[in-house]
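Asks: Contents of entry.pdb (PDB, C-alpha atoms) are given next:
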```pdb
ATOM      1  CA  MET K 315     106.118 122.604  49.111
ATOM      2  CA  LYS K 316     108.504 125.528  48.587
ATOM      3  CA  ILE K 317     107.483 129.000  49.785
ATOM      4  CA  VAL K 318     108.923 132.423  48.975
ATOM      5  CA  PHE K 319     108.221 135.686  50.811
ATOM      6  CA  ASN K 320     108.780 139.072  49.168
ATOM      7  CA  THR K 321     108.253 142.702  50.042
ATOM      8  CA  SER K 322     109.677 145.991  48.819
ATOM      9  CA  GLN K 323     109.476 147.339  52.358
ATOM     10  CA  PRO K 324     111.309 144.831  54.573
ATOM     11  CA  SER K 325     111.842 147.436  57.298
ATOM     12  CA  ALA K 326     108.148 148.317  57.664
ATOM     13  CA  PRO K 327     106.919 147.148  61.104
ATOM     14  CA  CYS K 328     104.367 144.664  59.727
ATOM     15  CA  SER K 329     106.959 143.207  57.332
ATOM     16  CA  VAL K 330     109.440 142.788  60.176
ATOM     17  CA  PHE K 331     106.821 141.118  62.368
ATOM     18  CA  TYR K 332     105.813 138.617  59.664
ATOM     19  CA  ILE K 333     109.405 137.893  58.642
ATOM     20  CA  ASN K 334     110.308 137.047  62.239
ATOM     21  CA  ALA K 335     107.135 134.998  62.611
ATOM     22  CA  PHE K 336     107.763 132.984  59.424
ATOM     23  CA  LYS K 337     111.535 132.547  59.727
ATOM     24  CA  ASN K 338     111.222 129.039  61.177
ATOM     25  CA  LEU K 339     108.682 127.852  58.600
ATOM     26  CA  GLU K 340     109.742 124.751  56.736
ATOM     27  CA  ASN K 341     111.022 125.403  53.181
ATOM     28  CA  ILE K 342     110.579 129.181  53.185
ATOM     29  CA  THR K 343     112.911 131.569  51.367
ATOM     30  CA  PHE K 344     112.969 135.339  51.681
ATOM     31  CA  PHE K 345     113.448 137.904  48.926
ATOM     32  CA  ASP K 346     113.796 135.789  45.789
ATOM     33  CA  HIS K 347     112.101 136.737  42.507
ATOM     34  CA  ASP K 348     112.730 133.411  40.771
ATOM     35  CA  PHE K 349     109.068 132.519  41.186
ATOM     36  CA  GLY K 350     109.307 129.516  38.888
ATOM     37  CA  SER K 351     111.245 127.710  41.631
ATOM     38  CA  TYR K 352     108.416 127.911  44.164
ATOM     39  CA  ASP K 353     104.963 126.520  44.813
ATOM     40  CA  VAL K 354     103.698 129.404  46.951
ATOM     41  CA  ALA K 355     104.564 133.112  46.878
ATOM     42  CA  LEU K 356     103.659 135.450  49.730
ATOM     43  CA  PHE K 357     103.496 139.211  49.224
ATOM     44  CA  MET K 358     103.053 141.946  51.773
ATOM     45  CA  THR K 359     100.236 144.385  51.116
ATOM     46  CA  TYR K 360     102.693 147.075  49.977
ATOM     47  CA  ASP K 361     103.389 145.084  46.797
ATOM     48  CA  HIS K 362      99.896 144.017  45.839
ATOM     49  CA  PHE K 363     100.058 145.939  42.536
ATOM     50  CA  LEU K 364     102.740 143.507  41.277
ATOM     51  CA  ILE K 365     100.529 140.461  41.589
ATOM     52  CA  LYS K 366      98.618 140.850  38.337
ATOM     53  CA  ASP K 367     101.793 140.615  36.229
ATOM     54  CA  ILE K 368     103.233 137.781  38.316
ATOM     55  CA  ARG K 369      99.991 135.831  37.944
ATOM     56  CA  GLN K 370     100.191 136.193  34.159
ATOM     57  CA  GLN K 371     103.830 135.047  34.089
ATOM     58  CA  PHE K 372     103.397 132.172  36.537
ATOM     59  CA  PRO K 373      99.826 130.856  36.201
ATOM     60  CA  ASP K 374     100.492 127.773  38.376
ATOM     61  CA  LEU K 375     102.043 129.711  41.255
ATOM     62  CA  LYS K 376      99.843 129.974  44.355
ATOM     63  CA  ILE K 377      99.874 133.609  45.461
ATOM     64  CA  GLY K 378      98.913 135.030  48.847
ATOM     65  CA  ILE K 379      98.539 138.633  49.974
ATOM     66  CA  ILE K 380      99.529 139.320  53.564
ATOM     67  CA  ASP K 381      97.961 142.000  55.742
ATOM     68  CA  PRO K 382      95.787 143.942  53.250
ATOM     69  CA  ARG K 383      95.277 147.021  55.388
ATOM     70  CA  SER K 384      93.361 149.116  52.855
ATOM     71  CA  SER K 385      90.426 148.642  50.511
ATOM     72  CA  GLU K 386      92.794 149.769  47.744
ATOM     73  CA  VAL K 387      94.137 146.218  47.726
ATOM     74  CA  LEU K 388      90.756 144.826  46.681
ATOM     75  CA  SER K 389      91.432 145.130  42.939
ATOM     76  CA  SER K 390      94.509 142.901  43.321
ATOM     77  CA  THR K 391      92.729 140.118  45.176
ATOM     78  CA  GLN K 392      91.213 138.839  41.923
ATOM     79  CA  TYR K 393      94.728 137.728  40.937
ATOM     80  CA  CYS K 394      95.687 136.021  44.203
ATOM     81  CA  ASP K 395      94.700 132.605  45.550
ATOM     82  CA  PHE K 396      94.353 133.410  49.244
ATOM     83  CA  ILE K 397      94.727 136.154  51.856
ATOM     84  CA  ILE K 398      96.471 136.175  55.225
ATOM     85  CA  ILE K 399      94.986 138.561  57.792
ATOM     86  CA  ASP K 400      95.352 138.926  61.554
ATOM     87  CA  SER K 401      91.942 139.483  63.113
ATOM     88  CA  ILE K 402      88.221 138.914  63.003
ATOM     89  CA  GLU K 403      87.852 142.573  61.993
ATOM     90  CA  MET K 404      89.991 142.061  58.887
ATOM     91  CA  GLU K 405      88.471 138.683  58.106
ATOM     92  CA  ASP K 406      84.966 140.097  58.061
ATOM     93  CA  PHE K 407      85.983 142.913  55.709
ATOM     94  CA  TRP K 408      88.000 140.735  53.325
ATOM     95  CA  ARG K 409      85.235 138.178  52.823
ATOM     96  CA  VAL K 410      84.339 140.552  49.987
ATOM     97  CA  SER K 411      87.281 139.084  48.067
ATOM     98  CA  LYS K 412      85.664 135.612  47.908
ATOM     99  CA  LYS K 413      89.122 134.122  48.519
ATOM    100  CA  PRO K 414      90.240 131.591  51.155
ATOM    101  CA  ILE K 415      91.397 133.441  54.266
ATOM    102  CA  PHE K 416      93.887 132.403  56.941
ATOM    103  CA  ARG K 417      94.132 134.296  60.211
ATOM    104  CA  TYR K 418      97.684 134.759  61.518
ATOM    105  CA  VAL K 419      98.373 137.179  64.375
ATOM    106  CA  GLU K 420     101.736 138.898  63.974
ATOM    107  CA  TYR K 421     103.506 140.923  66.680
ATOM    108  CA  PRO K 422     107.040 141.864  67.768
ATOM    109  CA  ASP K 423     109.145 138.779  68.389
ATOM    110  CA  ILE K 424     110.014 139.118  72.057
ATOM    111  CA  PRO K 425     110.673 136.301  74.548
ATOM    112  CA  TYR K 426     108.183 135.007  77.073
ATOM    113  CA  LEU K 427     108.891 136.546  80.456
ATOM    114  CA  LYS K 428     107.953 135.237  83.870
ATOM    115  CA  LYS K 429     106.402 138.132  85.781
ATOM    116  CA  GLU K 430     106.164 138.116  89.571
ATOM    117  CA  HIS K 431     103.582 140.675  90.628
ATOM    118  CA  LYS K 432     104.170 142.113  94.074
ATOM    119  CA  LYS K 433     102.430 144.572  96.318
ATOM    120  CA  LYS K 434     104.123 147.906  95.679
ATOM    121  CA  ASP K 435     103.841 151.592  96.431
ATOM    122  CA  LYS K 436     103.672 152.737  92.806
ATOM    123  CA  VAL K 437     101.725 150.812  90.162
ATOM    124  CA  VAL K 438     102.956 151.235  86.589
ATOM    125  CA  ILE K 439     100.382 151.224  83.787
ATOM    126  CA  GLY K 440     101.917 150.561  80.379
ATOM    127  CA  TYR K 441     100.958 151.540  76.834
ATOM    128  CA  HIS K 442     102.633 150.739  73.514
ATOM    129  CA  GLY K 443     101.380 151.762  70.109
ATOM    130  CA  ASN K 444     100.987 155.017  68.230
ATOM    131  CA  LYS K 445      99.913 158.531  69.171
ATOM    132  CA  ILE K 446      96.502 158.176  67.530
ATOM    133  CA  HIS K 447      95.273 155.668  70.081
ATOM    134  CA  LEU K 448      96.627 157.855  72.872
ATOM    135  CA  GLU K 449      94.696 160.820  71.496
ATOM    136  CA  CYS K 450      91.520 158.774  71.179
ATOM    137  CA  MET K 451      91.642 157.596  74.789
ATOM    138  CA  ALA K 452      91.058 161.167  75.978
ATOM    139  CA  CYS K 453      87.316 160.633  76.400
ATOM    140  CA  ASN K 454      87.260 157.330  78.261
ATOM    141  CA  VAL K 455      90.617 156.096  79.572
ATOM    142  CA  THR K 456      92.075 159.448  80.618
ATOM    143  CA  PRO K 457      89.189 160.416  82.960
ATOM    144  CA  ALA K 458      89.488 157.038  84.667
ATOM    145  CA  LEU K 459      93.260 157.377  85.078
ATOM    146  CA  SER K 460      92.977 160.949  86.367
ATOM    147  CA  GLU K 461      90.435 159.959  88.996
ATOM    148  CA  LEU K 462      92.372 156.882  90.051
ATOM    149  CA  GLY K 463      95.528 158.978  90.302
ATOM    150  CA  GLU K 464      93.924 160.917  93.136
ATOM    151  CA  ARG K 465      93.631 157.736  95.220
ATOM    152  CA  TYR K 466      96.607 155.639  94.107
ATOM    153  CA  ASN K 467     100.264 156.257  93.338
ATOM    154  CA  LEU K 468     100.381 155.573  89.602
ATOM    155  CA  GLU K 469     102.773 155.987  86.697
ATOM    156  CA  LEU K 470     101.744 155.848  83.039
ATOM    157  CA  LEU K 471     104.563 154.439  80.924
ATOM    158  CA  ILE K 472     104.008 155.177  77.230
ATOM    159  CA  MET K 473     106.167 153.693  74.480
ATOM    160  CA  TYR K 474     105.859 155.113  70.981
ATOM    161  CA  ASN K 475     107.906 156.612  68.162
ATOM    162  CA  GLY K 476     108.369 160.361  68.304
ATOM    163  CA  SER K 477     108.993 163.165  70.741
ATOM    164  CA  PRO K 478     107.812 162.988  74.355
ATOM    165  CA  PRO K 479     104.436 164.546  75.254
ATOM    166  CA  SER K 480     104.335 168.173  76.366
ATOM    167  CA  GLY K 481     101.787 167.527  79.103
ATOM    168  CA  ASN K 482      99.157 169.657  77.408
ATOM    169  CA  GLU K 483      97.650 166.883  75.308
ATOM    170  CA  MET K 484      93.966 166.095  75.817
ATOM    171  CA  TRP K 485      94.837 162.481  76.617
ATOM    172  CA  TYR K 486      97.423 163.448  79.250
ATOM    173  CA  PRO K 487      96.008 162.441  82.652
ATOM    174  CA  SER K 488      96.216 164.611  85.725
ATOM    175  CA  SER K 489      97.412 163.302  89.094
ATOM    176  CA  ILE K 490      99.663 160.714  87.420
ATOM    177  CA  ASP K 491     103.349 160.632  86.561
ATOM    178  CA  VAL K 492     103.824 160.042  82.827
ATOM    179  CA  ARG K 493     107.062 158.590  81.466
ATOM    180  CA  HIS K 494     107.773 158.405  77.737
ATOM    181  CA  VAL K 495     109.954 155.605  76.377
ATOM    182  CA  PRO K 496     111.119 155.732  72.747
ATOM    183  CA  TRP K 497     109.939 152.738  70.731
ATOM    184  CA  SER K 498     112.549 150.060  70.075
ATOM    185  CA  MET K 499     112.547 146.285  70.033
ATOM    186  CA  GLU K 500     114.852 146.309  73.065
ATOM    187  CA  ASN K 501     112.536 148.526  75.074
ATOM    188  CA  TYR K 502     109.733 145.974  75.095
ATOM    189  CA  VAL K 503     111.826 143.922  77.504
ATOM    190  CA  ASN K 504     113.960 146.688  78.999
ATOM    191  CA  GLU K 505     111.132 149.126  79.750
ATOM    192  CA  LEU K 506     107.577 148.013  78.926
ATOM    193  CA  SER K 507     108.021 144.801  80.908
ATOM    194  CA  LYS K 508     108.237 146.939  84.059
ATOM    195  CA  SER K 509     104.518 147.646  83.718
ATOM    196  CA  ASP K 510     102.136 146.098  86.225
ATOM    197  CA  ILE K 511      99.051 146.611  84.034
ATOM    198  CA  GLY K 512      98.731 147.067  80.286
ATOM    199  CA  ILE K 513      96.132 149.263  78.606
ATOM    200  CA  VAL K 514      94.938 148.803  75.030
ATOM    201  CA  PRO K 515      92.896 151.826  73.933
ATOM    202  CA  ASN K 516      91.903 151.006  70.378
ATOM    203  CA  ASN K 517      88.650 152.635  69.310
ATOM    204  CA  MET K 518      88.528 155.891  67.386
ATOM    205  CA  ILE K 519      86.674 159.050  68.367
ATOM    206  CA  HIS K 520      83.737 159.838  66.100
ATOM    207  CA  ASP K 521      80.623 161.983  66.066
ATOM    208  CA  ASP K 522      77.341 160.063  66.220
ATOM    209  CA  SER K 523      75.157 163.156  66.722
ATOM    210  CA  THR K 524      73.757 162.818  63.188
ATOM    211  CA  LYS K 525      71.615 159.973  64.487
ATOM    212  CA  LEU K 526      69.545 162.548  66.312
ATOM    213  CA  LEU K 527      68.763 164.303  63.040
ATOM    214  CA  THR K 528      67.316 161.328  61.209
ATOM    215  CA  THR K 529      63.565 161.152  60.732
ATOM    216  CA  THR K 530      63.574 157.413  61.406
ATOM    217  CA  ASN K 531      64.843 157.457  64.984
ATOM    218  CA  SER K 532      61.707 155.841  66.337
ATOM    219  CA  SER K 533      61.975 153.010  63.827
ATOM    220  CA  PHE K 534      65.454 152.139  65.059
ATOM    221  CA  ASN K 535      64.560 152.552  68.734
ATOM    222  CA  TYR K 536      67.395 155.058  69.102
ATOM    223  CA  SER K 537      68.424 155.896  72.685
ATOM    224  CA  LYS K 538      71.097 158.140  74.132
ATOM    225  CA  ASP K 539      72.240 155.069  76.089
ATOM    226  CA  ASP K 540      73.166 153.184  72.901
ATOM    227  CA  TYR K 541      76.777 152.313  72.205
ATOM    228  CA  SER K 542      78.331 153.624  69.033
ATOM    229  CA  LEU K 543      81.822 152.284  68.336
ATOM    230  CA  ARG K 544      84.360 153.102  65.646
ATOM    231  CA  PHE K 545      87.422 150.938  65.151
ATOM    232  CA  LYS K 546      89.847 150.479  62.282
ATOM    233  CA  MET K 547      89.501 147.494  59.976
ATOM    234  CA  PRO K 548      93.105 146.383  60.776
ATOM    235  CA  SER K 549      92.376 146.258  64.522
ATOM    236  CA  ASN K 550      93.870 143.060  65.928
ATOM    237  CA  PRO K 551      95.025 141.250  69.092
ATOM    238  CA  GLY K 552      98.707 142.176  68.669
ATOM    239  CA  ARG K 553      99.013 144.854  71.336
ATOM    240  CA  PHE K 554      97.506 142.746  74.105
ATOM    241  CA  VAL K 555      99.437 139.678  72.930
ATOM    242  CA  ILE K 556     102.668 141.557  73.743
ATOM    243  CA  PHE K 557     101.536 142.177  77.306
ATOM    244  CA  GLY K 558     100.600 138.505  77.529
ATOM    245  CA  LYS K 559     104.087 137.427  76.509
ATOM    246  CA  MET K 560     105.384 139.445  79.453
ATOM    247  CA  GLY K 561     102.798 138.154  81.937
ATOM    248  CA  ILE K 562     101.113 141.547  82.300
ATOM    249  CA  PRO K 563      97.284 141.703  82.673
ATOM    250  CA  VAL K 564      95.393 144.082  80.397
ATOM    251  CA  VAL K 565      92.349 146.288  80.100
ATOM    252  CA  ALA K 566      91.303 146.898  76.498
ATOM    253  CA  ASP K 567      88.702 148.927  74.672
ATOM    254  CA  PHE K 568      85.515 147.306  73.411
ATOM    255  CA  TYR K 569      86.573 146.041  69.992
ATOM    256  CA  PRO K 570      85.990 142.639  68.384
ATOM    257  CA  SER K 571      89.426 141.092  68.914
ATOM    258  CA  ALA K 572      89.489 142.103  72.573
ATOM    259  CA  LEU K 573      85.964 140.882  73.214
ATOM    260  CA  GLN K 574      86.779 137.636  71.420
ATOM    261  CA  TYR K 575      89.772 136.737  73.581
ATOM    262  CA  LEU K 576      89.764 138.796  76.795
ATOM    263  CA  GLN K 577      87.203 136.875  78.750
ATOM    264  CA  ASN K 578      86.967 134.263  81.508
ATOM    265  CA  GLY K 579      89.874 135.780  83.418
ATOM    266  CA  THR K 580      92.278 136.407  80.521
ATOM    267  CA  GLY K 581      91.695 140.170  80.619
ATOM    268  CA  PHE K 582      89.208 143.011  80.989
ATOM    269  CA  SER K 583      87.359 145.013  78.332
ATOM    270  CA  ALA K 584      85.794 148.420  78.935
ATOM    271  CA  HIS K 585      84.289 151.311  77.006
ATOM    272  CA  ASN K 586      82.951 154.049  79.265
ATOM    273  CA  PRO K 587      85.117 155.943  81.788
ATOM    274  CA  ALA K 588      83.328 154.206  84.667
ATOM    275  CA  GLY K 589      84.019 150.817  83.108
ATOM    276  CA  TRP K 590      87.703 151.623  82.660
ATOM    277  CA  HIS K 591      87.866 152.940  86.219
ATOM    278  CA  HIS K 592      86.328 149.760  87.631
ATOM    279  CA  CYS K 593      88.543 147.356  85.684
ATOM    280  CA  LEU K 594      91.752 149.281  86.337
ATOM    281  CA  GLU K 595      91.019 149.670  90.028
ATOM    282  CA  GLN K 596      90.566 145.930  90.487
ATOM    283  CA  LEU K 597      94.053 145.350  89.099
ATOM    284  CA  ILE K 598      95.622 148.333  90.877
ATOM    285  CA  ALA K 599      94.282 147.186  94.248
ATOM    286  CA  SER K 600      95.295 143.531  93.987
ATOM    287  CA  HIS K 601      98.700 142.208  92.993
ATOM    288  CA  GLU K 602      97.245 138.713  93.408
ATOM    289  CA  LEU K 603      94.677 139.448  90.689
ATOM    290  CA  ARG K 604      97.411 140.901  88.486
ATOM    291  CA  GLN K 605      99.368 137.692  88.912
ATOM    292  CA  LYS K 606      96.391 135.468  88.164
ATOM    293  CA  MET K 607      95.276 137.371  85.087
ATOM    294  CA  GLY K 608      98.833 137.835  83.799
ATOM    295  CA  ILE K 609      99.377 134.080  83.905
ATOM    296  CA  ALA K 610      96.017 133.446  82.227
ATOM    297  CA  LEU K 611      96.795 135.859  79.401
ATOM    298  CA  GLN K 612     100.229 134.364  78.873
ATOM    299  CA  SER K 613      98.689 130.885  78.687
ATOM    300  CA  LEU K 614      96.225 132.155  76.071
ATOM    301  CA  VAL K 615      99.076 133.572  74.001
ATOM    302  CA  GLN K 616     101.027 130.320  74.192
ATOM    303  CA  GLU K 617      97.986 128.289  73.167
ATOM    304  CA  LYS K 618      96.609 130.511  70.406
ATOM    305  CA  PHE K 619      99.282 132.891  69.159
ATOM    306  CA  ASP K 620     102.687 131.284  69.611
ATOM    307  CA  PHE K 621     104.468 131.412  66.257
ATOM    308  CA  GLU K 622     105.169 127.663  66.255
ATOM    309  CA  VAL K 623     101.477 126.945  66.825
ATOM    310  CA  GLN K 624     100.392 129.365  64.108
ATOM    311  CA  ASN K 625     103.051 128.161  61.637
ATOM    312  CA  GLU K 626     101.871 124.582  61.929
ATOM    313  CA  LYS K 627      98.333 125.654  61.104
ATOM    314  CA  LEU K 628      99.570 127.893  58.283
ATOM    315  CA  LEU K 629     101.383 125.010  56.600
ATOM    316  CA  SER K 630      98.221 122.919  56.732
ATOM    317  CA  PHE K 631      96.304 125.792  55.167
ATOM    318  CA  LEU K 632      98.897 126.275  52.404
ATOM    319  CA  ARG K 633      98.813 122.566  51.566
ATOM    320  CA  SER K 634      95.034 122.821  51.184
ATOM    321  CA  VAL K 635      95.268 125.652  48.655
ATOM    322  CA  ALA K 636      98.518 124.696  46.873
TER     323      ALA K 636
END
```
Please render this file's structure as structure tokens.
Replies:
Amino acid sequence: MKIVFNTSQPSAPCSVFYINAFKNLENITFFDHDFGSYDVALFMTYDHFLIKDIRQQFPDLKIGIIDPRSSEVLSSTQYCDFIIIDSIEMEDFWRVSKKPIFRYVEYPDIPYLKKEHKKKDKVVIGYHGNKIHLECMACNVTPALSELGERYNLELLIMYNGSPPSGNEMWYPSSIDVRHVPWSMENYVNELSKSDIGIVPNNMIHDDSTKLLTTTNSSFNYSKDDYSLRFKMPSNPGRFVIFGKMGIPVVADFYPSALQYLQNGTGFSAHNPAGWHHCLEQLIASHELRQKMGIALQSLVQEKFDFEVQNEKLLSFLRSVA
């Protein structure tokens, strides 16, 4: 079985992650448009609009769309044979396509690191991602960090693309040193690995006050204590997988991927400020717990998300649809 991977945006982060993940796949070629020479063609979501014409030209070619991050891709799924997504969130959404789905978690290709957690004066809490998730942690993670900063010597290390924070942002915690690190592949190992604890704020701020206006509140047993969560369809395990590769324990927002995997000692999940405070404080106060949970998360990553493990399963899937 011969496989070809194509994308018009090879430098886009998701393209880079999948290219590095697939590079050791048996019989895969990158960036070749001679589709008649292949059994399977993989396309990143950016190029979904090309699939209709390619299907017409090569009716026997098995075509897969990778990482469809927007409902705009839906019209193209009628011309593909399968979809590759990276989370339970995406899988649930893309069942609308009625196509076979394979779940493959992509992430930056960094080495496994052996982390020795020690008792220390300053505990470093690490974040990597984009500014949106930082902004959205203002209501739950930031209050917990600010309160904990009054009792413990903490540093928040944040790695993202763009200029450093001004200190006036709503998410910016008080009582804590904040250090910005520019995003780069090298800085995962050079900087983020210095973290003692990883945080994965993921859920989006939204207004659920309209529930109070509905005339059917009593029918739905509405209560002010109810949880109302908003998360993006492309939410996935990738950001806590990175911490796992470095042996760093995590606290993550309530979202499906986190709740699916961060359990039984592999990590903590929290939603309210008090929940974040409790989970973070357990890890801040005990380097032994950080060590135990860091090892457990790394073992989970090796078992479930290692590229060699996932590639073996992907080949079996491709043989079943080819």
Asks: Since I can't run it myself right now, could you work out what the PyMOL selection byres ((chain K and resi 457-462) around 8) selects here and report it as a list in words?
Replies: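 Listing what the PyMOL selection byres ((chain K and resi 457-462) around 8) selects in the shown file: Ala452, Cys453, Asn454, Val455, Thr456, Gly463, Glu464, Arg465, Tyr466, Pro487, Ser488, Ser489, Ile490, Pro587, Ala588, Trp590, His591 and Glu595 of chain K.
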Asks: On this structure, the PyMOL selection byres ((chain K and resi 419-431) around 10) would catch which residues? List them as a VMD selection string, sorted by chain and number.
Replies: chain K and resid 327 to 336 381 398 to 401 416 to 418 432 to 434 499 to 500 502 to 503 507 to 511 550 to 562 600 to 606 608 to 609 612 615 to 616 618 to 621 624
Asks: Mind pulling up the distance from CA of Glu483 in chain K to CA of Lys445 in chain K?
Replies: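 So the two atoms, CA of Lys445 in chain K and CA of Glu483 in chain K, lie 10.6 Å apart.
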Asks: Just the number, please: distance in Å from CA of Glu469 in chain K to CA of Pro570 in chain K, one decimal.
Replies: 28.2 Å
Asks: Enter the distance from CA of Phe344 in chain K to CA of Phe407 in chain K, in Å, rounded to one decimal.
Replies: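 Spanning CA of Phe344 in chain K to CA of Phe407 in chain K is a straight-line distance of 28.3 Å.
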Asks: Axis-aligned box over every listed atom of range 534-549 of chain K, padded by 3 Å per side: centre and edges in Å to one decimal, as JSON?
Replies:
```
{"center_x": 78.8, "center_y": 152.2, "center_z": 68.0, "size_x": 34.5, "size_y": 17.9, "size_z": 22.1}
```
Asks: List the residues selected by the PyMOL selection byres ((chain K and resi 447) around 12) in the file shown, writing them as JSON, numbers by chain.
Replies: {"K": [441, 442, 443, 444, 445, 446, 448, 449, 450, 451, 452, 453, 454, 455, 456, 472, 473, 474, 484, 485, 513, 514, 515, 516, 517, 518, 519, 545, 546, 549, 553, 566, 567]}
Asks: Rebuild range 362-369 of chain K so that it carries all heavy atoms, then output the result as a PDB file, keeping the file's coordinate frame.
Replies:
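Output below, filename part23.pdb:
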```pdb
ATOM      1  N   HIS K 362     101.035 144.692  46.460  1.00  0.00           N
ATOM      2  CA  HIS K 362      99.896 144.017  45.839  1.00  0.00           C
ATOM      3  C   HIS K 362      99.763 144.332  44.356  1.00  0.00           C
ATOM      4  O   HIS K 362      99.286 143.506  43.571  1.00  0.00           O
ATOM      5  CB  HIS K 362      98.604 144.402  46.568  1.00  0.00           C
ATOM      6  CG  HIS K 362      98.170 145.822  46.329  1.00  0.00           C
ATOM      7  ND1 HIS K 362      97.328 146.166  45.301  1.00  0.00           N
ATOM      8  CD2 HIS K 362      98.479 146.975  46.991  1.00  0.00           C
ATOM      9  CE1 HIS K 362      97.127 147.475  45.327  1.00  0.00           C
ATOM     10  NE2 HIS K 362      97.795 147.992  46.339  1.00  0.00           N
ATOM     11  N   PHE K 363     100.208 145.517  43.935  1.00  0.00           N
ATOM     12  CA  PHE K 363     100.058 145.939  42.536  1.00  0.00           C
ATOM     13  C   PHE K 363     100.924 145.118  41.582  1.00  0.00           C
ATOM     14  O   PHE K 363     100.736 145.176  40.361  1.00  0.00           O
ATOM     15  CB  PHE K 363     100.392 147.429  42.405  1.00  0.00           C
ATOM     16  CG  PHE K 363     101.779 147.781  42.883  1.00  0.00           C
ATOM     17  CD1 PHE K 363     102.860 147.752  42.013  1.00  0.00           C
ATOM     18  CD2 PHE K 363     101.996 148.134  44.210  1.00  0.00           C
ATOM     19  CE1 PHE K 363     104.137 148.067  42.462  1.00  0.00           C
ATOM     20  CE2 PHE K 363     103.272 148.447  44.657  1.00  0.00           C
ATOM     21  CZ  PHE K 363     104.348 148.417  43.784  1.00  0.00           C
ATOM     22  N   LEU K 364     101.875 144.348  42.113  1.00  0.00           N
ATOM     23  CA  LEU K 364     102.740 143.507  41.277  1.00  0.00           C
ATOM     24  C   LEU K 364     102.083 142.171  40.931  1.00  0.00           C
ATOM     25  O   LEU K 364     102.528 141.476  40.009  1.00  0.00           O
ATOM     26  CB  LEU K 364     104.066 143.232  41.998  1.00  0.00           C
ATOM     27  CG  LEU K 364     104.917 144.435  42.394  1.00  0.00           C
ATOM     28  CD1 LEU K 364     106.098 143.965  43.243  1.00  0.00           C
ATOM     29  CD2 LEU K 364     105.408 145.175  41.158  1.00  0.00           C
ATOM     30  N   ILE K 365     101.061 141.819  41.661  1.00  0.00           N
ATOM     31  CA  ILE K 365     100.529 140.461  41.589  1.00  0.00           C
ATOM     32  C   ILE K 365      99.891 140.148  40.239  1.00  0.00           C
ATOM     33  O   ILE K 365     100.012 139.024  39.739  1.00  0.00           O
ATOM     34  CB  ILE K 365      99.555 140.226  42.765  1.00  0.00           C
ATOM     35  CG1 ILE K 365     100.356 140.186  44.069  1.00  0.00           C
ATOM     36  CG2 ILE K 365      98.757 138.946  42.585  1.00  0.00           C
ATOM     37  CD1 ILE K 365      99.496 140.100  45.306  1.00  0.00           C
ATOM     38  N   LYS K 366      99.254 141.098  39.628  1.00  0.00           N
ATOM     39  CA  LYS K 366      98.618 140.850  38.337  1.00  0.00           C
ATOM     40  C   LYS K 366      99.628 140.342  37.308  1.00  0.00           C
ATOM     41  O   LYS K 366      99.397 139.330  36.622  1.00  0.00           O
ATOM     42  CB  LYS K 366      97.937 142.117  37.821  1.00  0.00           C
ATOM     43  CG  LYS K 366      97.253 141.934  36.469  1.00  0.00           C
ATOM     44  CD  LYS K 366      96.572 143.223  36.030  1.00  0.00           C
ATOM     45  CE  LYS K 366      95.910 143.035  34.660  1.00  0.00           C
ATOM     46  NZ  LYS K 366      95.233 144.298  34.214  1.00  0.00           N
ATOM     47  N   ASP K 367     100.764 141.018  37.194  1.00  0.00           N
ATOM     48  CA  ASP K 367     101.793 140.615  36.229  1.00  0.00           C
ATOM     49  C   ASP K 367     102.409 139.271  36.600  1.00  0.00           C
ATOM     50  O   ASP K 367     102.674 138.436  35.733  1.00  0.00           O
ATOM     51  CB  ASP K 367     102.885 141.679  36.141  1.00  0.00           C
ATOM     52  CG  ASP K 367     102.413 142.942  35.446  1.00  0.00           C
ATOM     53  OD1 ASP K 367     101.394 142.877  34.717  1.00  0.00           O
ATOM     54  OD2 ASP K 367     103.051 143.993  35.641  1.00  0.00           O
ATOM     55  N   ILE K 368     102.639 139.053  37.881  1.00  0.00           N
ATOM     56  CA  ILE K 368     103.233 137.781  38.316  1.00  0.00           C
ATOM     57  C   ILE K 368     102.264 136.635  38.054  1.00  0.00           C
ATOM     58  O   ILE K 368     102.679 135.547  37.635  1.00  0.00           O
ATOM     59  CB  ILE K 368     103.623 137.864  39.804  1.00  0.00           C
ATOM     60  CG1 ILE K 368     104.758 138.884  39.980  1.00  0.00           C
ATOM     61  CG2 ILE K 368     104.045 136.494  40.340  1.00  0.00           C
ATOM     62  CD1 ILE K 368     105.075 139.213  41.424  1.00  0.00           C
ATOM     63  N   ARG K 369     100.998 136.851  38.257  1.00  0.00           N
ATOM     64  CA  ARG K 369      99.991 135.831  37.944  1.00  0.00           C
ATOM     65  C   ARG K 369     100.034 135.458  36.466  1.00  0.00           C
ATOM     66  O   ARG K 369      99.958 134.282  36.104  1.00  0.00           O
ATOM     67  CB  ARG K 369      98.605 136.345  38.340  1.00  0.00           C
ATOM     68  CG  ARG K 369      97.424 135.610  37.738  1.00  0.00           C
ATOM     69  CD  ARG K 369      97.387 134.125  38.137  1.00  0.00           C
ATOM     70  NE  ARG K 369      97.116 133.965  39.541  1.00  0.00           N
ATOM     71  CZ  ARG K 369      97.733 133.084  40.336  1.00  0.00           C
ATOM     72  NH1 ARG K 369      98.664 132.288  39.838  1.00  0.00           N
ATOM     73  NH2 ARG K 369      97.430 132.979  41.608  1.00  0.00           N
TER      74      ARG K 369
END
```
